[in-house]
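Enquirer: Take a look at this one; I'll ask things after.
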Amino acid sequence: MQTKYRVLGLIWLMQLVNYLDRINISIAGPTMMKDLHISPSGFGFVLAAFTLGYAIMQIPGGALGDRLGSKKVLIGSALAWAFFTGMTGFARSMASLIAARVLFGVSEGASNGPSFKLVGDYFTSEERAAANGLYLTALALGPAFVAPLAAWSLGLVGWHGMFFLFVIPALLVALLLYFALPKGDPADVVNTAILTPQGRPSGWRDVIRLKTSWLLFFAYMAFNIAFWGYLGWMPSYLSIARHIDLKHLGIAASIPYFFGFLGMLVFGWLGSGPLYRRRAWLVGIGYLAAGLGLFATYNAATPVGSIAGLSAAAFFLYGGFGPVWGIALDLTPDAARGAFSGFVNCGGQIGGFFAPIVVGLIVSHTGSFSGGFIFMIVALVIAAVCFGVLQPFLRKAPDRAPA
């Protein structure tokens, strides 16, 4: 197996386990709210606590990957998030739960920049939409697997025990990364250096002065409002608004994620093939289609219709990940891939921080999820407009080839 595909497989597995530990709280949400006497608006702050820590660590985590190498940072991240997953199980109040989730977010946040750096180091520009699409299928498959698994363990050992059980996969992935991930950068790093007017290779501080950098920052922020609102509240929506019981919740909540997995494969192929030159338009149109899926969800007359709408939304929400990060890596200098990926993702996590809070407040004050869905749809329209504006800049970008 070529080294680059082994690296891709390893970070895919890490991301899968990452999401197992990240999403289990969404399945346990209704039980935890009842046990700890937390309102929907309060639980929105619990969900947002993770994204606060996650956002804080985006740029530092990427910078550490650039300086220390991806391998060391990824192993340390996995060990840390294993610890704080277990600490979540010890929470006995909303305050202790929020503290554990913030630190858990910090731990996982360190892994993103180094992971995208590895994709940029090992894959060419034209390969990156497909490579990122494959790598990030873990974002869809993780929640799909965790929904029935978390529901089963929740019924078996309660929500405290569920978090203790989920420590084990994180420890195993840290061990695998130690033995199987190559040390240091590859000898044939794919060069995408961007030069300043003085002719020197630019660092990430130079790149964030570009319009395209801020377009990506705000586009990803708006997208994550919808994505994290969707991810954090979908199981509770199916339970509270559609009255699906715990026994069937795991299966029902997993269905949309399989459509998200399919969307990643389709968009990854399109972004690295027929629509490589139009990746920004591909993403923007996909986000508008995701908004239509959310609109269909809360207008559906039956739970089955609602799940169908959520599945359509997931196809397009998840589908955009591969092309988005292919675009970001094309606009990133080779010396700062980790830090710049962290910069873009930091914008995303700012949106992800506010999304569950706002949706929770809307649900608490209106007694309905409809306003929350509208909030997410508007965010997707804004993200789509940003990518539409970005397309002409992307067309002017030079092709990136191996050094």
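Naming scheme: A, B, ... for chains in displayed order of the structure tokens; residues 1 onward per chain; ligands 1 onward as shown.
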Tell me, as a compact mmCIF listing (two decimals) with N, CA and C atoms, in the first residue's frame, which residues lie within 7 Å of Ala78 of chain A, counting only C-alpha atoms; anything in the same chain fewer than 5 positions away does not count.
Expert:
```
# COMPACT_ATOMS: atom_id res chain seq x y z
N ALA A 170 -10.60 5.39 21.89
CA ALA A 170 -9.63 6.48 21.76
C ALA A 170 -8.23 6.02 22.16
N LEU A 171 -8.12 5.22 23.20
CA LEU A 171 -6.82 4.70 23.61
C LEU A 171 -6.23 3.77 22.55
N ALA A 174 -4.85 5.81 19.59
CA ALA A 174 -3.57 6.45 19.93
C ALA A 174 -2.42 5.45 19.78
```
Enquirer: Let's see if you can do this: from backbone DSSP, list all alpha helix (DSSP H) residues in segment 160-328 of chain A, as a PyMOL selection string.
Expert: chain A and resi 160-165+167-180+204-207+211-240+246-272+279-299+303-319+321-328
Enquirer: Neighbours of segment 71-77 of chain A within 8 Å (only C-alpha atoms; same-chain residues fewer than 3 positions away dropped), as a PDB file with N, CA and C atoms, in the first residue's frame?
Expert:
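Generated output (result.pdb):
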```pdb
ATOM      1  N   GLY A  61      -3.364  24.128  17.549  1.00  0.00           N
ATOM      2  CA  GLY A  61      -3.159  22.729  17.180  1.00  0.00           C
ATOM      3  C   GLY A  61      -2.504  22.601  15.817  1.00  0.00           C
ATOM      4  N   LEU A  64       1.149  23.687  16.077  1.00  0.00           N
ATOM      5  CA  LEU A  64       1.949  22.635  16.702  1.00  0.00           C
ATOM      6  C   LEU A  64       2.263  21.530  15.692  1.00  0.00           C
ATOM      7  N   GLY A  65       1.275  21.221  14.830  1.00  0.00           N
ATOM      8  CA  GLY A  65       1.515  20.230  13.789  1.00  0.00           C
ATOM      9  C   GLY A  65       2.598  20.671  12.824  1.00  0.00           C
ATOM     10  N   LEU A  68       5.983  20.623  15.340  1.00  0.00           N
ATOM     11  CA  LEU A  68       6.407  19.367  15.960  1.00  0.00           C
ATOM     12  C   LEU A  68       6.225  18.156  15.054  1.00  0.00           C
ATOM     13  N   ALA A  80      -5.534  12.693  25.164  1.00  0.00           N
ATOM     14  CA  ALA A  80      -6.228  13.708  25.953  1.00  0.00           C
ATOM     15  C   ALA A  80      -7.741  13.581  25.831  1.00  0.00           C
ATOM     16  N   TRP A  81      -8.246  13.337  24.598  1.00  0.00           N
ATOM     17  CA  TRP A  81      -9.696  13.257  24.485  1.00  0.00           C
ATOM     18  C   TRP A  81     -10.229  11.968  25.111  1.00  0.00           C
ATOM     19  N   SER A 107      -9.029  19.113  23.526  1.00  0.00           N
ATOM     20  CA  SER A 107      -8.264  17.914  23.187  1.00  0.00           C
ATOM     21  C   SER A 107      -8.481  17.490  21.738  1.00  0.00           C
ATOM     22  N   GLU A 108      -9.743  17.472  21.302  1.00  0.00           N
ATOM     23  CA  GLU A 108     -10.024  17.067  19.931  1.00  0.00           C
ATOM     24  C   GLU A 108      -9.647  18.145  18.924  1.00  0.00           C
ATOM     25  N   GLY A 109      -9.725  19.401  19.339  1.00  0.00           N
ATOM     26  CA  GLY A 109      -9.418  20.494  18.425  1.00  0.00           C
ATOM     27  C   GLY A 109      -7.987  20.477  17.927  1.00  0.00           C
ATOM     28  N   ALA A 110      -7.092  19.879  18.705  1.00  0.00           N
ATOM     29  CA  ALA A 110      -5.685  19.838  18.296  1.00  0.00           C
ATOM     30  C   ALA A 110      -5.438  18.928  17.100  1.00  0.00           C
ATOM     31  N   SER A 111      -6.401  18.071  16.772  1.00  0.00           N
ATOM     32  CA  SER A 111      -6.158  17.060  15.732  1.00  0.00           C
ATOM     33  C   SER A 111      -6.473  17.531  14.310  1.00  0.00           C
ATOM     34  N   PRO A 114      -3.282  19.272  12.012  1.00  0.00           N
ATOM     35  CA  PRO A 114      -2.302  18.262  11.607  1.00  0.00           C
ATOM     36  C   PRO A 114      -2.857  17.249  10.601  1.00  0.00           C
ATOM     37  N   SER A 115      -4.143  16.902  10.723  1.00  0.00           N
ATOM     38  CA  SER A 115      -4.731  15.943   9.788  1.00  0.00           C
ATOM     39  C   SER A 115      -4.829  16.527   8.386  1.00  0.00           C
ATOM     40  N   ALA A 174      -4.849   5.813  19.590  1.00  0.00           N
ATOM     41  CA  ALA A 174      -3.574   6.449  19.930  1.00  0.00           C
ATOM     42  C   ALA A 174      -2.425   5.453  19.782  1.00  0.00           C
ATOM     43  N   LEU A 175      -2.645   4.232  20.221  1.00  0.00           N
ATOM     44  CA  LEU A 175      -1.632   3.185  20.106  1.00  0.00           C
ATOM     45  C   LEU A 175      -1.331   2.867  18.638  1.00  0.00           C
ATOM     46  N   LEU A 177      -1.748   4.862  16.007  1.00  0.00           N
ATOM     47  CA  LEU A 177      -1.046   5.994  15.401  1.00  0.00           C
ATOM     48  C   LEU A 177       0.438   5.958  15.753  1.00  0.00           C
ATOM     49  N   TYR A 178       0.749   5.568  16.968  1.00  0.00           N
ATOM     50  CA  TYR A 178       2.139   5.519  17.408  1.00  0.00           C
ATOM     51  C   TYR A 178       2.954   4.540  16.555  1.00  0.00           C
ATOM     52  N   LEU A 181       1.772   5.417  11.959  1.00  0.00           N
ATOM     53  CA  LEU A 181       1.854   6.692  11.244  1.00  0.00           C
ATOM     54  C   LEU A 181       3.314   7.065  11.004  1.00  0.00           C
ATOM     55  N   PRO A 182       3.695   7.408   9.761  1.00  0.00           N
ATOM     56  CA  PRO A 182       5.097   7.785   9.491  1.00  0.00           C
ATOM     57  C   PRO A 182       5.521   8.977  10.339  1.00  0.00           C
ATOM     58  N   LYS A 183       6.792   8.995  10.685  1.00  0.00           N
ATOM     59  CA  LYS A 183       7.331  10.093  11.478  1.00  0.00           C
ATOM     60  C   LYS A 183       7.868  11.169  10.552  1.00  0.00           C
ATOM     61  N   GLY A 184       7.498  12.415  10.809  1.00  0.00           N
ATOM     62  CA  GLY A 184       8.003  13.524  10.007  1.00  0.00           C
ATOM     63  C   GLY A 184       7.256  13.683   8.699  1.00  0.00           C
TER      64      GLY A 184
END
```
Enquirer: So the first atom is atom CA of Met221 of chain A and the second is atom CA of Leu79 of chain A; what is the distance between them in Å, to one decimal place?
Expert: 27.9 Å
Enquirer: Identify which of the residues A:Leu390, A:Asn24, A:Pro30, A:Leu380 lies closest to Met162 of chain A, counting only C-alpha atoms when measuring atom-to-atom distances.
Expert: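 Among the listed residues, A:Asn24 lies closest to Met162 of chain A.
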Enquirer: Need the shell around segment 12-16 of chain A: protein/DNA/RNA residues with any atom at most 6 Å away, counting only C-alpha atoms. Skip same-chain ones fewer than 6 positions apart. Format as a PyMOL selection string?
Expert: chain A and resi 135+138+142
Enquirer: Next, dump the selected residues to file, keeping only C-alpha atoms, as a compact mmCIF listing (two decimals), in the first residue's frame.
Expert:
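So again34.txt came out as:
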```
# COMPACT_ATOMS: atom_id res chain seq x y z
CA TYR A 135 -11.06 10.99 4.88
CA ALA A 138 -15.71 9.41 9.07
CA GLY A 142 -19.00 8.02 13.06
```
Enquirer: In Å, with one decimal, what is the gap from atom CA of Thr51 of chain A to atom CA of Ala355 of chain A?
Expert: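 Between atom CA of Thr51 of chain A and atom CA of Ala355 of chain A the gap works out to 9.7 Å.
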Enquirer: Hey, can you check how far atom CA of Gly161 of chain A sits from atom CA of Leu136 of chain A?
Expert: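 Taking atom CA of Gly161 of chain A and atom CA of Leu136 of chain A, their separation equals 28.3 Å.
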Enquirer: At a cut-off of 12 Å, using only C-alpha atoms, what residues contact Ile285 of chain A? Leave out same-chain residues fewer than 5 positions from it and give the result as a list in words.
Expert: Phe267, Arg278, Arg279, Ala280, Ala290, Gly291, Leu292, Phe316, Leu317, Gly319, Gly320, Leu380, Val381, Ile382, Ala383, Ala384, Val385, Cys386, Phe387, Gly388 and Gln391 of chain A
Enquirer: Could you save those same residues with C-alpha atoms as a PDB file, in the first residue's frame?
Expert:
```
ATOM      1  CA  PHE A 267     -19.065  15.266  -4.088  1.00  0.00           C
ATOM      2  CA  ARG A 278     -16.156  24.680 -10.403  1.00  0.00           C
ATOM      3  CA  ARG A 279     -15.720  23.334  -6.873  1.00  0.00           C
ATOM      4  CA  ALA A 280     -16.916  26.516  -5.168  1.00  0.00           C
ATOM      5  CA  ALA A 290     -29.301  21.105   2.088  1.00  0.00           C
ATOM      6  CA  GLY A 291     -31.447  24.056   3.121  1.00  0.00           C
ATOM      7  CA  LEU A 292     -34.328  22.673   1.066  1.00  0.00           C
ATOM      8  CA  PHE A 316     -25.547  17.804   0.780  1.00  0.00           C
ATOM      9  CA  LEU A 317     -24.234  19.009   4.174  1.00  0.00           C
ATOM     10  CA  GLY A 319     -21.013  16.243   0.602  1.00  0.00           C
ATOM     11  CA  GLY A 320     -19.407  19.678   0.661  1.00  0.00           C
ATOM     12  CA  LEU A 380     -26.704  27.855   4.633  1.00  0.00           C
ATOM     13  CA  VAL A 381     -27.845  30.562   2.202  1.00  0.00           C
ATOM     14  CA  ILE A 382     -25.112  32.882   3.520  1.00  0.00           C
ATOM     15  CA  ALA A 383     -22.495  30.137   3.145  1.00  0.00           C
ATOM     16  CA  ALA A 384     -23.656  29.447  -0.412  1.00  0.00           C
ATOM     17  CA  VAL A 385     -23.314  33.135  -1.349  1.00  0.00           C
ATOM     18  CA  CYS A 386     -19.759  33.218   0.056  1.00  0.00           C
ATOM     19  CA  PHE A 387     -18.736  30.244  -2.079  1.00  0.00           C
ATOM     20  CA  GLY A 388     -20.370  31.808  -5.129  1.00  0.00           C
ATOM     21  CA  GLN A 391     -15.461  30.846  -7.451  1.00  0.00           C
TER      22      GLN A 391
END
```
Enquirer: Tell me which of A:Phe45, A:Phe393, A:Phe83, A:Trp233 sits closest to Phe104 of chain A, counting only C-alpha atoms.
Expert: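 Using only C-alpha atoms, the shortest distance to Phe104 of chain A belongs to A:Phe83.
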Enquirer: Hey, what's within 12 Å of Thr302 of chain A if we count only C-alpha atoms and toss same-chain stuff fewer than 5 positions away? As an MDAnalysis selection string, please?
Expert: chainID A and resid 238 241:244 296:297 307:309
Enquirer: Taking only C-alpha atoms into account, name the residue in A:Trp159, A:Tyr122, A:Tyr5, A:Phe321 that is nearest to Ile27 of chain A.
Expert: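 Among A:Trp159, A:Tyr122, A:Tyr5, A:Phe321, it is A:Trp159 that comes nearest to Ile27 of chain A.
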Enquirer: Between A:Val102, A:Ala151, A:Val7, A:Ala144, which one has atoms that come closest to Ile56 of chain A, using only C-alpha atoms?
Expert: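 Going through A:Val102, A:Ala151, A:Val7, A:Ala144 one by one, the smallest distance to Ile56 of chain A is for A:Val102.
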Enquirer: Please provide as a PyMOL selection string all residues within 10 Å of Ser254 of chain A, with the sequence filter that same-chain residues fewer than 6 positions apart are discarded (counting only C-alpha atoms).
Expert: chain A and resi 140-148+235+307+311
Enquirer: Taking only C-alpha atoms into account, which of A:Trp214, A:Asp121, A:Cys346, A:Ala82 comes nearest Gly69 of chain A?
Expert: A:Asp121
Enquirer: For Met94 of chain A, which of A:Gly44, A:Leu36, A:Lys117, A:Asn112 is the closest residue, counting only C-alpha atoms?
Expert: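 Closest residue, counting only C-alpha atoms: A:Leu36.
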